[in-house]
Structures are given as C-alpha cells and as structure tokens.
$ cat query.tsv   # TSV, C-alpha atoms
chain	number	residue	atom	x	y	z
A	1	MET	CA	0.00	0.00	0.00
A	2	ASP	CA	1.28	3.43	-0.93
A	3	PRO	CA	1.57	5.60	2.21
A	4	THR	CA	1.28	8.73	0.06
A	5	ALA	CA	-2.18	7.76	-1.21
A	6	PRO	CA	-5.27	9.60	0.11
A	7	ALA	CA	-6.20	8.48	3.61
A	8	THR	CA	-9.47	6.72	2.78
A	9	ASP	CA	-9.42	4.08	5.49
A	10	THR	CA	-7.93	3.38	8.90
A	11	ARG	CA	-5.02	1.36	7.55
A	12	SER	CA	-3.87	4.08	5.16
A	13	ARG	CA	-4.35	6.73	7.87
A	14	ILE	CA	-2.08	4.73	10.17
A	15	LEU	CA	0.56	4.43	7.46
A	16	ARG	CA	0.49	8.16	6.76
A	17	ALA	CA	0.72	9.09	10.43
A	18	ALA	CA	3.54	6.60	11.03
A	19	ALA	CA	5.48	7.86	8.01
A	20	ASP	CA	5.20	11.44	9.27
A	21	LEU	CA	6.29	10.58	12.81
A	22	PHE	CA	9.11	8.28	11.70
A	23	VAL	CA	10.55	11.03	9.49
A	24	ARG	CA	10.13	13.82	12.08
A	25	LYS	CA	11.11	11.95	15.26
A	26	GLY	CA	12.88	8.84	14.03
A	27	TYR	CA	11.76	5.24	14.03
A	28	GLN	CA	13.32	4.36	17.39
A	29	ARG	CA	11.83	7.37	19.18
A	30	THR	CA	8.29	6.85	17.88
A	31	SER	CA	5.98	4.51	19.76
A	32	LEU	CA	2.79	2.85	18.60
A	33	ARG	CA	1.02	4.79	21.34
A	34	GLU	CA	2.13	8.08	19.78
A	35	ILE	CA	0.91	6.96	16.38
A	36	ALA	CA	-2.44	6.00	17.90
A	37	ASP	CA	-2.74	9.28	19.81
A	38	SER	CA	-2.03	11.33	16.68
A	39	LEU	CA	-5.04	9.67	15.03
A	40	ARG	CA	-7.24	9.59	18.14
A	41	LEU	CA	-7.23	5.82	18.00
A	42	THR	CA	-6.45	3.20	20.60
A	43	LYS	CA	-3.21	1.27	20.52
A	44	ALA	CA	-5.31	-1.85	20.04
A	45	ALA	CA	-6.64	-0.36	16.78
A	46	ILE	CA	-3.09	0.02	15.53
A	47	LEU	CA	-2.20	-3.54	16.54
A	48	TYR	CA	-5.26	-4.87	14.73
A	49	HIS	CA	-3.75	-3.71	11.43
A	50	PHE	CA	-0.03	-4.00	12.28
A	51	PRO	CA	1.04	-6.55	14.93
A	52	THR	CA	4.35	-4.74	15.56
A	53	LYS	CA	6.07	-1.47	14.71
A	54	GLU	CA	8.39	-3.47	12.47
A	55	HIS	CA	5.42	-4.53	10.33
A	56	LEU	CA	4.49	-0.86	9.95
A	57	ALA	CA	7.99	0.10	8.84
A	58	ALA	CA	8.21	-2.81	6.43
A	59	GLU	CA	4.97	-1.81	4.68
A	60	LEU	CA	6.09	1.81	4.45
A	61	VAL	CA	9.35	0.83	2.78
A	62	GLU	CA	7.89	-1.87	0.51
A	63	PRO	CA	6.76	0.43	-2.37
A	64	PHE	CA	10.23	2.00	-2.46
A	65	VAL	CA	12.07	-1.33	-2.63
A	66	ALA	CA	9.59	-2.77	-5.14
A	67	ASP	CA	10.04	0.24	-7.43
A	68	LEU	CA	13.83	-0.12	-7.31
A	69	GLU	CA	13.52	-3.77	-8.26
A	70	ALA	CA	11.16	-2.88	-11.13
A	71	VAL	CA	13.60	-0.29	-12.46
A	72	ALA	CA	16.47	-2.79	-12.42
A	73	ALA	CA	14.29	-5.38	-14.16
A	74	TYR	CA	13.40	-2.88	-16.90
A	75	ALA	CA	16.99	-1.69	-17.36
A	76	ALA	CA	18.17	-5.29	-17.71
A	77	THR	CA	15.95	-5.67	-20.80
A	78	GLN	CA	17.56	-2.73	-22.60
A	79	PRO	CA	20.40	-2.93	-25.16
A	80	PRO	CA	23.92	-2.32	-23.78
A	81	GLY	CA	24.02	1.36	-24.78
A	82	PRO	CA	20.74	2.61	-23.27
A	83	ARG	CA	20.95	0.18	-20.33
A	84	ARG	CA	23.36	2.34	-18.31
A	85	TRP	CA	21.24	5.47	-18.39
A	86	ALA	CA	17.96	3.59	-18.01
A	87	MET	CA	19.35	2.26	-14.73
A	88	ILE	CA	20.82	5.57	-13.56
A	89	GLU	CA	17.79	7.70	-14.39
A	90	GLY	CA	15.33	5.10	-13.15
A	91	TRP	CA	17.24	4.72	-9.87
A	92	LEU	CA	17.34	8.48	-9.38
A	93	ASP	CA	13.66	9.01	-10.20
A	94	THR	CA	12.67	6.24	-7.79
A	95	LEU	CA	14.68	7.78	-4.96
A	96	LEU	CA	13.19	11.20	-5.66
A	97	LYS	CA	9.70	9.71	-5.67
A	98	HIS	CA	10.28	8.07	-2.29
A	99	ARG	CA	12.23	10.78	-0.47
A	100	ALA	CA	10.33	10.30	2.81
A	101	PRO	CA	10.95	6.56	3.33
A	102	LEU	CA	14.51	7.02	2.12
A	103	GLY	CA	15.09	9.61	4.83
A	104	MET	CA	13.54	7.27	7.37
A	105	LEU	CA	15.93	4.48	6.39
A	106	VAL	CA	18.97	6.74	6.59
A	107	ASN	CA	18.00	8.14	9.98
A	108	ASP	CA	17.26	4.71	11.45
A	109	ILE	CA	19.49	2.10	9.85
A	110	ALA	CA	18.30	-0.39	12.46
A	111	ILE	CA	15.07	-0.75	10.48
A	112	LEU	CA	16.97	-2.57	7.76
A	113	ASN	CA	18.14	-5.30	10.11
A	114	ARG	CA	14.65	-6.26	11.26
A	115	ASN	CA	13.35	-7.89	8.08
A	116	SER	CA	14.32	-8.79	4.53
A	117	VAL	CA	14.46	-5.13	3.41
A	118	TYR	CA	18.22	-4.89	3.85
A	119	ARG	CA	18.90	-7.99	1.75
A	120	ARG	CA	16.61	-6.78	-1.02
A	121	ILE	CA	18.13	-3.29	-1.12
A	122	LEU	CA	21.64	-4.74	-1.14
A	123	ALA	CA	20.70	-7.13	-3.95
A	124	VAL	CA	19.09	-4.47	-6.15
A	125	ALA	CA	21.96	-2.03	-5.50
A	126	THR	CA	24.45	-4.69	-6.54
A	127	GLU	CA	22.44	-5.35	-9.70
A	128	ALA	CA	22.26	-1.62	-10.43
A	129	ASN	CA	26.04	-1.30	-10.16
A	130	GLU	CA	26.52	-4.22	-12.55
A	131	LEU	CA	24.03	-2.87	-15.10
A	132	VAL	CA	25.71	0.55	-15.12
A	133	ALA	CA	29.18	-0.98	-15.42
A	134	GLY	CA	28.30	-3.43	-18.19
A	135	PRO	CA	29.25	-7.11	-18.54
A	136	ASP	CA	32.81	-6.49	-19.77
A	137	ALA	CA	33.76	-3.77	-17.29
A	138	ASP	CA	37.20	-3.74	-15.73
A	139	GLN	CA	37.88	-2.89	-12.08
A	140	ARG	CA	38.03	0.88	-12.64
A	141	GLU	CA	34.77	0.83	-14.63
A	142	ARG	CA	33.04	-1.16	-11.90
A	143	VAL	CA	34.20	1.33	-9.28
A	144	ARG	CA	32.93	4.23	-11.37
A	145	ALA	CA	29.58	2.50	-11.83
A	146	THR	CA	29.25	2.16	-8.06
A	147	GLN	CA	30.22	5.81	-7.66
A	148	ALA	CA	27.59	6.78	-10.25
A	149	ILE	CA	24.79	5.11	-8.30
A	150	ALA	CA	26.03	6.76	-5.10
A	151	MET	CA	26.07	10.12	-6.89
A	152	VAL	CA	22.35	9.87	-7.59
A	153	SER	CA	21.56	8.64	-4.08
A	154	ASP	CA	23.41	10.56	-1.37
A	155	PRO	CA	22.51	14.15	-2.40
A	156	ILE	CA	18.80	13.34	-2.05
A	157	VAL	CA	19.33	12.83	1.67
A	158	PHE	CA	21.68	15.76	2.26
A	159	TYR	CA	19.93	18.39	0.12
A	160	THR	CA	16.33	18.08	1.20
A	161	ASP	CA	15.87	21.85	0.80
A	162	VAL	CA	16.62	21.75	-2.95
A	163	ASP	CA	13.65	21.34	-5.27
A	164	THR	CA	13.38	18.03	-7.08
A	165	ALA	CA	13.86	19.32	-10.64
A	166	THR	CA	17.04	21.25	-9.83
A	167	LEU	CA	18.51	18.44	-7.75
A	168	ARG	CA	17.79	15.90	-10.48
A	169	GLU	CA	19.53	17.98	-13.16
A	170	ASP	CA	22.56	18.64	-10.97
A	171	MET	CA	22.98	14.98	-10.07
A	172	LEU	CA	22.63	13.74	-13.64
A	173	ASP	CA	25.17	16.33	-14.77
A	174	GLY	CA	27.62	15.09	-12.15
A	175	VAL	CA	27.19	11.47	-13.22
A	176	HIS	CA	27.57	12.42	-16.87
A	177	ARG	CA	30.88	14.16	-16.09
A	178	LEU	CA	32.09	11.05	-14.24
A	179	LEU	CA	31.09	8.46	-16.84
A	180	GLU	CA	31.23	10.41	-20.10
A	181	GLY	CA	34.03	12.85	-19.32
A	182	GLY	CA	32.06	16.05	-19.81
A	183	PRO	CA	28.98	18.06	-18.82
A	184	ARG	CA	25.55	16.73	-19.55
A	185	PRO	CA	24.09	18.27	-22.74
A	186	ALA	CA	21.64	21.05	-21.96
A	187	ARG	CA	18.00	20.08	-22.19
A	188	ALA	CA	15.69	22.13	-24.35
A	189	ASP	CA	13.36	22.66	-21.39
A	190	ALA	CA	16.02	23.03	-18.67
A	191	GLY	CA	15.24	26.72	-18.07
A	192	PRO	CA	11.77	26.37	-16.53
A	193	ALA	CA	12.85	23.40	-14.41
A	194	ARG	CA	15.69	25.33	-12.80
A	195	THR	CA	13.87	28.64	-12.34
A	196	GLY	CA	10.70	27.16	-10.90
A	197	ALA	CA	8.56	28.31	-13.82
A	198	ARG	CA	5.81	26.11	-15.16
A	199	PRO	CA	6.84	23.56	-17.80
A	200	ARG	CA	6.16	24.38	-21.41
A	201	ARG	CA	2.66	23.64	-22.59
A	202	GLY	CA	1.51	22.40	-25.93
A	203	ARG	CA	3.65	19.26	-26.10
A	204	PRO	CA	2.32	16.84	-28.68
A	205	PRO	CA	0.53	13.91	-27.00
A	206	ALA	CA	2.13	11.36	-29.31
A	207	LEU	CA	4.83	10.86	-31.89
A	208	SER	CA	4.47	10.13	-35.58
A	209	ASP	CA	5.67	6.75	-36.84
A	210	ALA	CA	8.75	8.44	-38.31
A	211	ASP	CA	9.50	10.14	-35.00
A	212	VAL	CA	9.07	6.86	-33.14
A	213	ASP	CA	11.56	5.15	-35.44
A	214	ALA	CA	14.05	7.99	-34.99
A	215	ALA	CA	13.61	8.04	-31.21
A	216	ARG	CA	14.10	4.28	-31.00
A	217	ALA	CA	17.25	4.53	-33.11
A	218	MET	CA	18.68	7.21	-30.79
A	219	HIS	CA	17.74	5.13	-27.75
A	220	ALA	CA	19.29	1.94	-29.15
A	221	ALA	CA	22.48	3.75	-30.11
A	222	GLY	CA	23.01	4.83	-26.50
A	223	THR	CA	24.25	8.27	-27.54
A	224	HIS	CA	21.40	10.17	-25.87
A	225	THR	CA	19.65	9.93	-22.52
A	226	VAL	CA	15.90	9.50	-22.29
A	227	ASP	CA	15.57	13.14	-21.25
A	228	GLU	CA	17.56	14.32	-24.25
A	229	ILE	CA	15.49	12.26	-26.67
A	230	ALA	CA	12.23	13.45	-25.09
A	231	ALA	CA	13.37	17.06	-25.33
A	232	ALA	CA	14.41	16.61	-28.97
A	233	PHE	CA	10.89	15.52	-29.91
A	234	GLY	CA	9.07	17.86	-27.53
A	235	VAL	CA	7.37	15.16	-25.47
A	236	GLY	CA	7.50	14.06	-21.86
A	237	ARG	CA	9.37	11.04	-20.51
A	238	ALA	CA	6.15	9.08	-20.01
A	239	THR	CA	5.11	9.61	-23.63
A	240	LEU	CA	8.54	8.61	-24.88
A	241	TYR	CA	8.63	5.45	-22.74
A	242	ARG	CA	5.20	4.50	-24.02
A	243	HIS	CA	6.44	4.61	-27.62
A	244	LEU	CA	9.75	2.91	-26.84
A	245	ASN	CA	7.92	0.00	-25.21
A	246	ARG	CA	5.18	-0.26	-27.84
A	247	ASP	CA	5.10	-3.47	-29.83
$ encode --input "query.tsv" --output "structure tokens"
Amino acid sequence: MDPTAPATDTRSRILRAAADLFVRKGYQRTSLREIADSLRLTKAAILYHFPTKEHLAAELVEPFVADLEAVAAYAATQPPGPRRWAMIEGWLDTLLKHRAPLGMLVNDIAILNRNSVYRRILAVATEANELVAGPDADQRERVRATQAIAMVSDPIVFYTDVDTATLREDMLDGVHRLLEGGPRPARADAGPARTGARPRRGRPPALSDADVDAARAMHAAGTHTVDEIAAAFGVGRATLYRHLNRD
C-alpha cells in the first residue's frame, strides 16, 4: 500500500501518520502509542492492522524497494548502450519519488536489520552497479559505476531543501561528467525546471511513426539519454517510454 495515497481508510491513515512521525522523530523514538494518539485511535486499533512497529515500517518501505527492483528489471531488458542510463535515471527518479521513506531508512538504519528489506536493497543495488558498469567492465569501470549510483543517491538525503527538478539535473550532470568525461548536454526545457517556472505547454501527446523510429534509433544507439530524446521531440518522458515500449 502506498503511504502517500489519500487516507481513505484506517489502515492508510495509520501508514500516513507513522510515516510522518518516523521522518520527524525517528523510528526508534516513535511509539505505537504516539501513532495511535495522533489519530485519536487506541493502541489496540493500531495492533489490529499492524502486529508490531516493524510490520508498519516494512509496509512503508515496501513500495520503495519494489520500485527499485522494477527499475532494475526494466533496465536489464535494454540494449547495452541505453541500459546504463535507463538504470541511472530510473534509480534516481525512484529515490526522488520516495524521499520520505529514504530519509527514514537513513535516519534509522536499524530498520533494515529487522526484516528482509536490507537484503533486497543490497541485492538491487548490486544489480544496479553491474548494469551501469556493463558485462565487460574492468575494475576501474566497476568502481565508477558504483560511484555513479552513489552520486544519484546521497545528495537526495543531504539536500532536502533543494527542489526536485534542480537536484535531479545537478545529479545527472555530475554522473555524466564522471562516466562520459564532460557536462551533460543542456535540455531544451532546462530553463523552466531550474527557475521554478511552469513547464512548457503544448507538447504533442504522441509521436508520428517516423518520429518513433528515430527516437528508437537514438535510444538503441546509446548516444542520448531518455531526457535528451524526449526534449528533442518535444514530449515528456512518459510519452517517450510508451512509444519505446510499444510493440
């Protein structure tokens, strides 16, 4: 269950309240009684849905871990060229989407030792490093791949005051400099994202068959990131992914 979804029932209300308290006070310093009091419920009502605090934490973190695993599974299906950036951008976007549970994990590492979450995160992180490095990578390339994943992970925790769009661009630029030896090419719509202005309107809802073929060729060649291809054709990432995955 997604803890960010509208609180339409008791279970989702408990998840939302727990997420808020865990982030603000820390997992160890938050009791089930406090969660119950914040919702004007009894502790027994909390225990009816979640037998222990560990069960609560595990359900809060589950969407985050599942999304990471889905990103790695998708990246693994891509050709060698696009695979690296599919993994990097997908990893980054997942972390940005789940900033709250990520902060909870960092602040209370003990959560990871209480269930299978730690093993799953370690496994998907290891897979991400391997996908970024590539099957024929040498030692230095494997180290850089691990650094690349760290570069799109750590700043999310330390720069919580920076807006998502700006932080995303800065992190991807840093990874591009590490792996490609130079700055990330400027996006056609980078201005509004960095200034806080509204995104451009009037993007075409779909691509022509010729555009789809061209976009797929750029994607398969591995010379452009998904963002760069989307900007070149004036569409959003979701629209581009829909065409790239279309049979």
$ atom_distance --input "query.tsv" --atom1 "CA of Ser38 (chain A)" --atom2 "CA of Pro63 (chain A)"
23.6 Å
$ closest_residue --input "query.tsv" --among "A:Ala19, A:Ala125, A:Ile46, A:Leu96" --to "Asp163 (chain A)" --atoms "all atoms listed in the file"
A:Leu96
$ atom_distance --input "query.tsv" --atom1 "CA of Tyr74 (chain A)" --atom2 "CA of Glu130 (chain A)"
13.9 Å
$ residues_around --input "query.tsv" --residues "Ala86 (chain A)" --least-positions-apart "2" --cutoff "10 Å" --atoms "all atoms listed in the file" --output "VMD selection string"
chain A and resid 71 to 72 74 to 79 81 to 84 88 to 92 131 to 132 219 222 225 to 226
$ atom_distance --input "query.tsv" --atom1 "CA of Leu179 (chain A)" --atom2 "CA of Val235 (chain A)"
26.1 Å
$ residues_around --input "query.tsv" --residues "Asp154 (chain A)" --least-positions-apart "4" --cutoff "10 Å" --atoms "all atoms listed in the file" --output "ChimeraX atom specification"
/A:95,106,149-150,158-159,171
$ residues_near_point --input "query.tsv" --point "(3.1, 1.2, 25.1)" --cutoff "9 Å" --atoms "only C-alpha atoms" --output "PyMOL selection string"
chain A and resi 31-34+43
$ write_last_selection --input "query.tsv" --atoms "C-alpha atoms" --output "PDB file, in the coordinates of the input"
ATOM      1  CA  SER A  31       5.980   4.510  19.760  1.00  0.00           C
ATOM      2  CA  LEU A  32       2.790   2.850  18.600  1.00  0.00           C
ATOM      3  CA  ARG A  33       1.020   4.790  21.340  1.00  0.00           C
ATOM      4  CA  GLU A  34       2.130   8.080  19.780  1.00  0.00           C
ATOM      5  CA  LYS A  43      -3.210   1.270  20.520  1.00  0.00           C
TER       6      LYS A  43
END
$ axis_aligned_box --input "query.tsv" --around "region 90-102 of chain A" --padding-each-side "6 Å" --output "AutoDock Vina command-line options"
--center_x 13.5 --center_y 8.0 --center_z -4.9 --size_x 19.6 --size_y 18.5 --size_z 28.5
$ closest_residue --input "query.tsv" --among "A:Ile121, A:Leu56, A:Leu39, A:Leu21" --to "Glu69 (chain A)" --atoms "only C-alpha atoms"
A:Ile121
$ residues_around --input "query.tsv" --residues "Val212 (chain A)" --least-positions-apart "4" --cutoff "8 Å" --atoms "only C-alpha atoms" --output "VMD selection string"
chain A and resid 207 to 208 216 243 to 244
